[in-house]
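Shown next: upload-v6.txt, containing compact mmCIF, C-alpha atoms.
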```txt
# COMPACT_ATOMS: atom_id res chain seq x y z
CA MET N 4 -191.95 -102.08 5.73
CA VAL N 5 -189.41 -102.34 2.98
CA GLU N 6 -190.16 -104.48 -0.03
CA TRP N 7 -187.33 -105.73 -2.17
CA THR N 8 -187.78 -106.59 -5.79
CA ASP N 9 -185.18 -107.75 -8.23
CA HIS N 10 -184.47 -106.47 -11.65
CA ASP N 11 -182.16 -109.11 -13.01
CA PHE N 12 -180.05 -107.44 -15.61
CA GLY N 13 -178.54 -110.83 -16.38
CA LEU N 14 -174.99 -109.69 -16.66
CA GLU N 15 -172.35 -107.84 -14.82
CA LEU N 16 -171.92 -104.71 -16.83
CA ASP N 17 -168.44 -103.39 -17.23
CA ILE N 18 -169.24 -100.08 -15.68
CA PHE N 19 -166.44 -99.47 -13.27
CA ARG N 20 -163.40 -100.11 -15.42
CA ASN N 21 -160.46 -98.08 -14.31
CA SER N 22 -156.94 -97.86 -15.51
CA SER N 23 -154.01 -96.55 -13.56
CA ASN N 24 -154.48 -93.30 -15.48
CA ALA N 25 -158.13 -92.98 -14.62
CA PRO N 26 -159.09 -89.95 -12.60
CA GLN N 27 -159.24 -90.82 -8.94
CA MET N 28 -162.60 -89.30 -8.23
CA GLY N 29 -165.52 -90.62 -6.33
CA ASP N 30 -168.10 -89.48 -8.85
CA LEU N 31 -169.49 -90.39 -12.24
CA ASN N 32 -167.31 -87.98 -14.17
CA GLU N 33 -164.60 -90.58 -14.51
CA PHE N 34 -166.88 -92.65 -16.75
CA SER N 35 -167.93 -92.36 -20.38
CA LEU N 36 -171.36 -90.97 -21.27
CA PRO N 37 -172.97 -94.40 -21.92
CA VAL N 38 -171.67 -95.68 -18.59
CA LYS N 39 -172.91 -92.62 -16.78
CA LEU N 40 -176.32 -93.10 -18.37
CA PHE N 41 -176.42 -96.71 -17.22
CA LEU N 42 -175.47 -95.75 -13.70
CA LYS N 43 -178.11 -93.06 -13.62
CA ALA N 44 -180.72 -95.52 -14.95
CA TYR N 45 -179.88 -98.38 -12.58
CA PRO N 46 -182.54 -98.61 -9.85
CA TRP N 47 -180.26 -98.14 -6.85
CA ARG N 48 -182.29 -99.28 -3.86
CA LYS N 49 -183.25 -96.26 -1.83
CA ILE N 50 -183.18 -97.00 1.89
CA ASP N 51 -186.42 -95.61 3.25
CA PRO N 52 -186.98 -95.24 6.11
CA ILE N 53 -183.34 -94.96 7.15
CA PRO N 54 -182.67 -97.14 10.20
CA TRP N 55 -180.53 -95.52 12.86
CA ALA N 56 -178.68 -97.22 15.70
CA PRO N 57 -176.74 -94.60 17.65
CA LEU N 58 -173.70 -95.58 19.66
CA LYS N 59 -174.75 -96.77 23.09
CA LYS N 60 -171.34 -96.51 24.77
CA PRO N 61 -167.88 -95.14 24.05
CA LEU N 62 -166.14 -96.63 21.04
CA SER N 63 -163.35 -97.75 23.36
CA GLU N 64 -165.85 -100.18 24.88
CA CYS N 65 -167.43 -101.35 21.63
CA ARG N 66 -166.99 -104.64 19.82
CA LEU N 67 -166.22 -104.12 16.12
CA ALA N 68 -166.99 -106.44 13.21
CA LEU N 69 -165.90 -106.06 9.59
CA VAL N 70 -167.90 -106.66 6.43
CA SER N 71 -166.11 -106.63 3.09
CA THR N 72 -167.56 -107.13 -0.37
CA ALA N 73 -164.22 -108.03 -1.97
CA ALA N 74 -165.15 -111.73 -2.07
CA PHE N 75 -162.34 -112.97 0.14
CA VAL N 76 -162.46 -116.62 1.15
CA ARG N 77 -160.19 -118.66 3.39
CA PRO N 78 -158.19 -121.55 1.95
CA GLY N 79 -160.61 -124.48 1.78
CA GLN N 80 -163.77 -122.38 1.83
CA LYS N 81 -166.23 -122.66 -1.04
CA PRO N 82 -165.47 -120.00 -3.64
CA PHE N 83 -168.18 -117.56 -4.64
CA ASP N 84 -170.25 -118.79 -7.58
CA GLU N 85 -169.66 -116.62 -10.60
CA SER N 86 -172.43 -118.31 -12.56
CA ILE N 87 -175.37 -117.09 -10.46
CA ARG N 88 -177.39 -114.57 -12.45
CA GLY N 89 -177.79 -111.36 -10.54
CA GLY N 90 -174.82 -112.20 -8.32
CA ASP N 91 -173.87 -114.68 -5.60
CA PHE N 92 -175.65 -113.30 -2.54
CA SER N 93 -174.09 -115.70 -0.01
CA PHE N 94 -171.39 -114.77 2.51
CA ARG N 95 -168.40 -116.43 4.15
CA GLU N 96 -167.40 -116.17 7.78
CA ILE N 97 -163.81 -115.08 8.35
CA PRO N 98 -162.52 -115.82 11.89
CA GLY N 99 -161.11 -112.93 13.83
CA ASP N 100 -157.77 -114.70 14.15
CA ALA N 101 -157.41 -115.34 10.41
CA ASP N 102 -154.16 -114.44 8.68
CA VAL N 103 -155.33 -111.76 6.28
CA ARG N 104 -152.42 -112.53 3.94
CA GLN N 105 -153.80 -116.03 3.48
CA LEU N 106 -157.20 -114.86 2.26
CA ILE N 107 -158.01 -115.58 -1.36
CA GLU N 108 -159.70 -112.81 -3.31
CA SER N 109 -162.30 -114.28 -5.66
CA HIS N 110 -164.30 -111.30 -6.88
CA ARG N 111 -165.69 -112.07 -10.33
CA SER N 112 -165.71 -108.53 -11.63
CA GLU N 113 -163.07 -107.50 -14.15
CA SER N 114 -164.26 -103.94 -13.92
CA PHE N 115 -161.84 -102.75 -11.25
CA ASP N 116 -158.14 -102.99 -10.60
CA HIS N 117 -157.48 -106.00 -8.35
CA THR N 118 -153.77 -105.29 -7.96
CA GLY N 119 -154.00 -103.42 -4.68
CA ILE N 120 -156.06 -105.97 -2.79
CA HIS N 121 -153.81 -108.77 -4.06
CA GLN N 122 -150.82 -106.90 -2.66
CA ASP N 123 -152.54 -106.20 0.63
CA PRO N 124 -155.98 -107.62 1.51
CA ASN N 125 -156.18 -105.05 4.34
CA LEU N 126 -157.01 -102.53 1.61
CA ALA N 127 -160.56 -103.94 1.50
CA PHE N 128 -160.61 -106.24 4.53
CA PRO N 129 -158.67 -104.31 7.19
CA LEU N 130 -158.29 -107.07 9.74
CA ASP N 131 -154.75 -106.10 10.74
CA ARG N 132 -155.80 -102.46 11.09
CA ALA N 133 -158.74 -103.48 13.29
CA ARG N 134 -156.45 -105.54 15.52
CA GLU N 135 -154.22 -102.50 15.90
CA LEU N 136 -157.24 -100.40 16.89
CA ALA N 137 -158.09 -102.92 19.60
CA GLU N 138 -154.48 -103.04 20.83
CA ARG N 139 -154.48 -99.25 21.03
CA GLY N 140 -157.75 -99.16 22.89
CA ARG N 141 -159.49 -97.12 20.16
CA ILE N 142 -162.11 -99.88 20.08
CA GLY N 143 -163.03 -102.22 22.90
CA SER N 144 -162.52 -105.49 21.04
CA LEU N 145 -162.60 -107.19 17.71
CA ASN N 146 -165.39 -109.67 17.04
CA ARG N 147 -164.60 -113.36 16.77
CA ARG N 148 -165.80 -113.43 13.17
CA HIS N 149 -166.26 -111.14 10.21
CA LEU N 150 -168.20 -111.46 6.97
CA SER N 151 -167.16 -111.55 3.35
CA PHE N 152 -169.58 -110.98 0.46
CA MET N 153 -169.01 -110.70 -3.26
CA GLY N 154 -170.45 -107.30 -3.89
CA SER N 155 -171.30 -107.56 -7.57
CA ILE N 156 -174.97 -108.23 -6.90
CA THR N 157 -177.18 -106.59 -9.51
CA ALA N 158 -180.34 -108.29 -8.19
CA PRO N 159 -180.18 -107.68 -4.42
CA GLY N 160 -183.67 -108.84 -3.49
CA ARG N 161 -182.43 -112.29 -2.48
CA LEU N 162 -179.63 -110.72 -0.46
CA MET N 163 -182.18 -108.84 1.62
CA GLN N 164 -184.52 -111.78 2.05
CA GLN N 165 -182.09 -114.17 3.72
CA PRO N 166 -178.31 -113.52 3.87
CA ALA N 167 -178.47 -109.95 5.16
CA PRO N 168 -180.86 -110.82 8.03
CA GLU N 169 -178.70 -113.86 8.79
CA ALA N 170 -175.61 -111.65 8.92
CA ALA N 171 -177.40 -109.38 11.37
CA ARG N 172 -178.48 -112.36 13.47
CA LEU N 173 -174.89 -113.60 13.74
CA PHE N 174 -173.59 -110.21 14.82
CA VAL N 175 -176.40 -109.77 17.36
CA GLU N 176 -175.55 -113.23 18.72
CA ASP N 177 -171.93 -112.05 19.06
CA ALA N 178 -172.99 -108.83 20.82
CA VAL N 179 -171.36 -106.72 18.11
CA ASP N 180 -171.80 -103.00 18.73
CA VAL N 181 -170.38 -101.44 15.57
CA ALA N 182 -169.59 -102.59 12.05
CA LEU N 183 -167.33 -101.16 9.36
CA LEU N 184 -168.38 -102.11 5.85
CA VAL N 185 -165.92 -101.82 2.97
CA PRO N 186 -166.77 -102.12 -0.73
CA VAL N 187 -164.20 -102.63 -3.42
CA MET H 139 -172.38 -102.75 -7.30
CA CYS H 140 -170.25 -103.24 -4.18
CA ASN H 141 -171.29 -99.77 -3.05
CA GLN H 142 -174.93 -100.80 -3.09
CA THR H 143 -174.29 -104.14 -1.35
CA VAL H 144 -172.57 -102.58 1.66
CA CYS H 145 -175.35 -100.00 2.00
CA LEU H 146 -178.04 -102.68 2.03
CA VAL H 147 -176.22 -104.89 4.54
CA ALA H 148 -175.53 -101.86 6.74
CA ALA H 149 -179.21 -100.95 6.77
CA GLU H 150 -180.10 -104.47 7.88
CA LEU H 151 -177.53 -104.36 10.68
CA GLU H 152 -178.87 -101.01 11.86
CA ARG H 153 -182.39 -102.45 11.95
CA HIS H 154 -180.98 -104.97 14.42
CA GLY H 155 -179.44 -102.29 16.62
CA ILE H 156 -175.85 -102.43 15.32
CA SER H 157 -174.24 -99.07 14.49
CA THR H 158 -172.65 -99.07 11.05
CA VAL H 159 -170.48 -96.98 8.82
CA VAL H 160 -169.87 -97.75 5.16
CA ILE H 161 -167.07 -96.64 2.89
CA GLN H 162 -168.42 -95.33 -0.41
CA LEU H 163 -166.57 -94.86 -3.68
CA LEU H 164 -169.40 -93.25 -5.66
CA ARG H 165 -171.11 -90.16 -4.29
CA GLU H 166 -174.12 -90.57 -6.56
CA VAL H 167 -174.84 -94.05 -5.23
CA ALA H 168 -174.61 -92.95 -1.62
CA GLU H 169 -176.84 -89.94 -2.25
CA ARG H 170 -179.47 -92.05 -3.96
CA MET H 171 -179.37 -94.97 -1.51
CA ARG H 172 -178.96 -93.00 1.73
CA PRO H 173 -177.17 -95.45 4.06
CA PRO H 174 -177.23 -94.43 7.74
CA ARG H 175 -173.55 -93.38 7.84
CA ALA H 176 -171.19 -93.18 4.89
CA LEU H 177 -167.66 -91.91 4.41
CA LEU H 178 -167.20 -90.84 0.80
CA VAL H 179 -163.63 -91.45 -0.30
CA PRO H 180 -161.95 -89.99 -3.40
CA PHE H 181 -160.27 -93.21 -4.46
CA LYS H 182 -160.75 -95.42 -7.49
CA HIS H 183 -162.54 -98.74 -7.26
CA GLY H 184 -160.32 -101.44 -5.82
CA TYR H 185 -158.67 -98.97 -3.41
CA PRO H 186 -161.31 -98.19 -0.77
CA LEU H 187 -158.77 -97.58 2.02
CA HIS H 188 -156.41 -95.61 -0.19
CA MET H 189 -153.13 -97.54 -0.61
CA PRO H 190 -151.95 -101.15 -0.16
CA ASN H 191 -149.24 -101.82 2.43
CA ASP H 192 -149.67 -98.36 3.89
CA PRO H 193 -151.10 -98.79 7.41
CA GLN H 194 -150.90 -95.08 8.16
CA ARG H 195 -153.08 -94.08 5.22
CA GLN H 196 -155.46 -96.96 5.85
CA HIS H 197 -155.81 -95.92 9.48
CA ALA H 198 -156.55 -92.34 8.41
CA VAL H 199 -159.57 -93.51 6.41
CA ILE H 200 -160.76 -95.89 9.11
CA ASP H 201 -160.39 -93.27 11.83
CA ALA H 202 -162.44 -90.79 9.81
CA ALA H 203 -165.12 -93.44 9.43
CA LEU H 204 -165.13 -94.26 13.15
CA LYS H 205 -165.48 -90.60 14.07
CA LEU H 206 -168.89 -90.62 12.43
CA PHE H 207 -170.05 -92.82 15.31
CA GLU H 208 -168.93 -90.31 17.88
CA ASP H 209 -170.66 -87.09 16.87
CA PRO H 210 -174.02 -87.01 18.67
CA ALA H 211 -175.17 -84.10 16.50
CA LEU H 212 -175.28 -86.22 13.36
CA SER H 213 -178.54 -87.62 12.05
CA PRO H 214 -179.24 -89.92 9.11
CA PRO H 215 -178.28 -90.00 6.37
CA VAL H 216 -174.73 -89.05 7.25
CA LEU H 217 -172.72 -88.57 4.05
CA ALA H 218 -169.30 -87.25 4.98
CA ASP H 219 -166.36 -86.54 2.69
CA PHE H 220 -162.90 -87.90 3.44
CA LEU H 221 -160.17 -85.45 2.56
CA PRO H 222 -156.74 -87.12 2.38
CA GLY H 223 -154.10 -85.19 4.26
```

Please express the file's structure as structure tokens.
Amino acid sequence: MVEWTDHDFGLELDIFRNSSNAPQMGDLNEFSLPVKLFLKAYPWRKIDPIPWAPLKKPLSECRLALVSTAAFVRPGQKPFDESIRGGDFSFREIPGDADVRQLIESHRSESFDHTGIHQDPNLAFPLDRARELAERGRIGSLNRRHLSFMGSITAPGRLMQQPAPEAARLFVEDAVDVALLVPV
Amino acid sequence: MCNQTVCLVAAELERHGISTVVIQLLREVAERMRPPRALLVPFKHGYPLHMPNDPQRQHAVIDAALKLFEDPALSPPVLADFLPG
């Protein structure tokens, strides 16, 4: 049994600021000492026990779904709410036949460089790449819908209470076999 | 915080029988959270699949992630490094 509790820090700390000259490293050494201390102090939620769903059939027969936390919405969809303390924990459904170039990126964080995903949403929501995998036969098929979150959630307890189980329910309903999840 | 969010959603999907792999931009977060399968990429935030408008490089990252599904010897947590060619 996993219990989720929130520690609402009340603000989105500017911890991931990068410039084009920043070192391109996937570790804390690219940050200043105060930022590193914050990151080390933040209570990252340890997943314990670790759930494990091994592949049940070849990937070439699997249905793939995407999950992105880059806060993409379709034209006309409700934008993510930047005013929610601890982060907007809702998600948007993105149809499998959506034009990825029409998606609107609405991530509230100013702490990362948005230029790349504005130029090409596939960078964080690789819908075109997934279609190409299906065409090639690398995967069996692409699911009819995918999910978009805004990842800047400092208080994830509410995410785990309702939206995350609902996301799982939708994908089970769709008979999704595998999911690729992309942060930003 | 995006790194944490994808790990938590992935864990929930796995609890429902769906195999997952997450891209991770911060090794320390992945090591502390322990998602079932993670591909650690050496790219700055905002560039999880390497470069915009570069399908070949994006496919290289995605293919490395998908391969984590296919190795029956792996057991959780799988924290694999992506090394750009």

For H:Phe207: contacts at 12 Å, all atoms listed in the file, fewer than 3 positions along chain excluded, given as an MDAnalysis selection string = (chainID N and resid 55:63 65 67 142 180:183) or (chainID H and resid 156:160 174:177 200:204 210:214 216 218)

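For the atom pair formed by atom CA of N:Arg148 and atom CA of N:Gly79, the distance is 16.7 Å, given to one decimal.
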
I'd like a table as a Markdown table: residues in chain H with an atom no more than 6 Å from chain N, each row giving the shortest atom pair and its distance in Å to one decimal, only C-alpha atoms counted, sorted by chain and rising residue number.
```
| residue | atom | partner | partner_atom | distance |
| --- | --- | --- | --- | --- |
| H:Met139 | CA | N:Ser155 | CA | 4.9 |
| H:Cys140 | CA | N:Gly154 | CA | 4.1 |
| H:Asn141 | CA | N:Pro186 | CA | 5.6 |
| H:Thr143 | CA | N:Gly154 | CA | 5.6 |
| H:Val144 | CA | N:Leu184 | CA | 5.9 |
| H:Val147 | CA | N:Ala167 | CA | 5.6 |
| H:Leu151 | CA | N:Ala171 | CA | 5.1 |
| H:Glu152 | CA | N:Ala56 | CA | 5.4 |
| H:Arg153 | CA | N:Pro54 | CA | 5.6 |
| H:Gly155 | CA | N:Ala56 | CA | 5.2 |
| H:Ile156 | CA | N:Asp180 | CA | 5.3 |
| H:Ser157 | CA | N:Val181 | CA | 4.7 |
| H:Thr158 | CA | N:Ala182 | CA | 4.8 |
| H:Val159 | CA | N:Leu183 | CA | 5.3 |
| H:Val160 | CA | N:Leu184 | CA | 4.7 |
| H:Ile161 | CA | N:Val185 | CA | 5.3 |
| H:Leu163 | CA | N:Gly29 | CA | 5.1 |
| H:Leu164 | CA | N:Gly29 | CA | 4.7 |
| H:Arg165 | CA | N:Asp30 | CA | 5.5 |
| H:Met171 | CA | N:Lys49 | CA | 4.1 |
| H:Arg172 | CA | N:Ile50 | CA | 5.8 |
| H:Pro180 | CA | N:Gly29 | CA | 4.7 |
| H:Phe181 | CA | N:Gln27 | CA | 5.2 |
| H:Lys182 | CA | N:Gln27 | CA | 5.1 |
| H:His183 | CA | N:Phe115 | CA | 5.7 |
| H:Gly184 | CA | N:Val187 | CA | 4.7 |
| H:Pro186 | CA | N:Val187 | CA | 5.9 |
| H:Leu187 | CA | N:Leu126 | CA | 5.3 |
| H:Pro190 | CA | N:Asp123 | CA | 5.1 |
| H:Asn191 | CA | N:Asp123 | CA | 5.8 |
```

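Picture a line from atom CA of N:Gln164 to atom CA of H:Glu166; it runs 25.1 Å.
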
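One finds atom CA of N:Arg147 at 9.5 Å from atom CA of N:Arg66.
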
Minimum-distance residue to N:His110, chosen among N:Pro82, N:Pro37, N:Gly140, N:Gly160 (using only C-alpha atoms) = N:Pro82

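Nearest residue to N:Phe83 among N:Arg111, N:Gly143, N:Ile97, N:Val103 is N:Arg111, counting all atoms listed in the file.
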
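Between H:Arg170 and the residues H:Pro222, H:His188, H:Leu217, H:His154, the shortest atom-to-atom distance, using only C-alpha atoms, involves H:Leu217.
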
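Nearest to N:Phe75 of all the residues N:Ser144, N:Gln165, N:Gln105, N:Ser151 is N:Ser151, counting only C-alpha atoms.
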
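The smallest atom-to-atom distance between N:Ala74 and any of N:Leu106, N:Ala44, N:Leu173, N:Leu145, using all atoms listed in the file, is found for N:Leu106.
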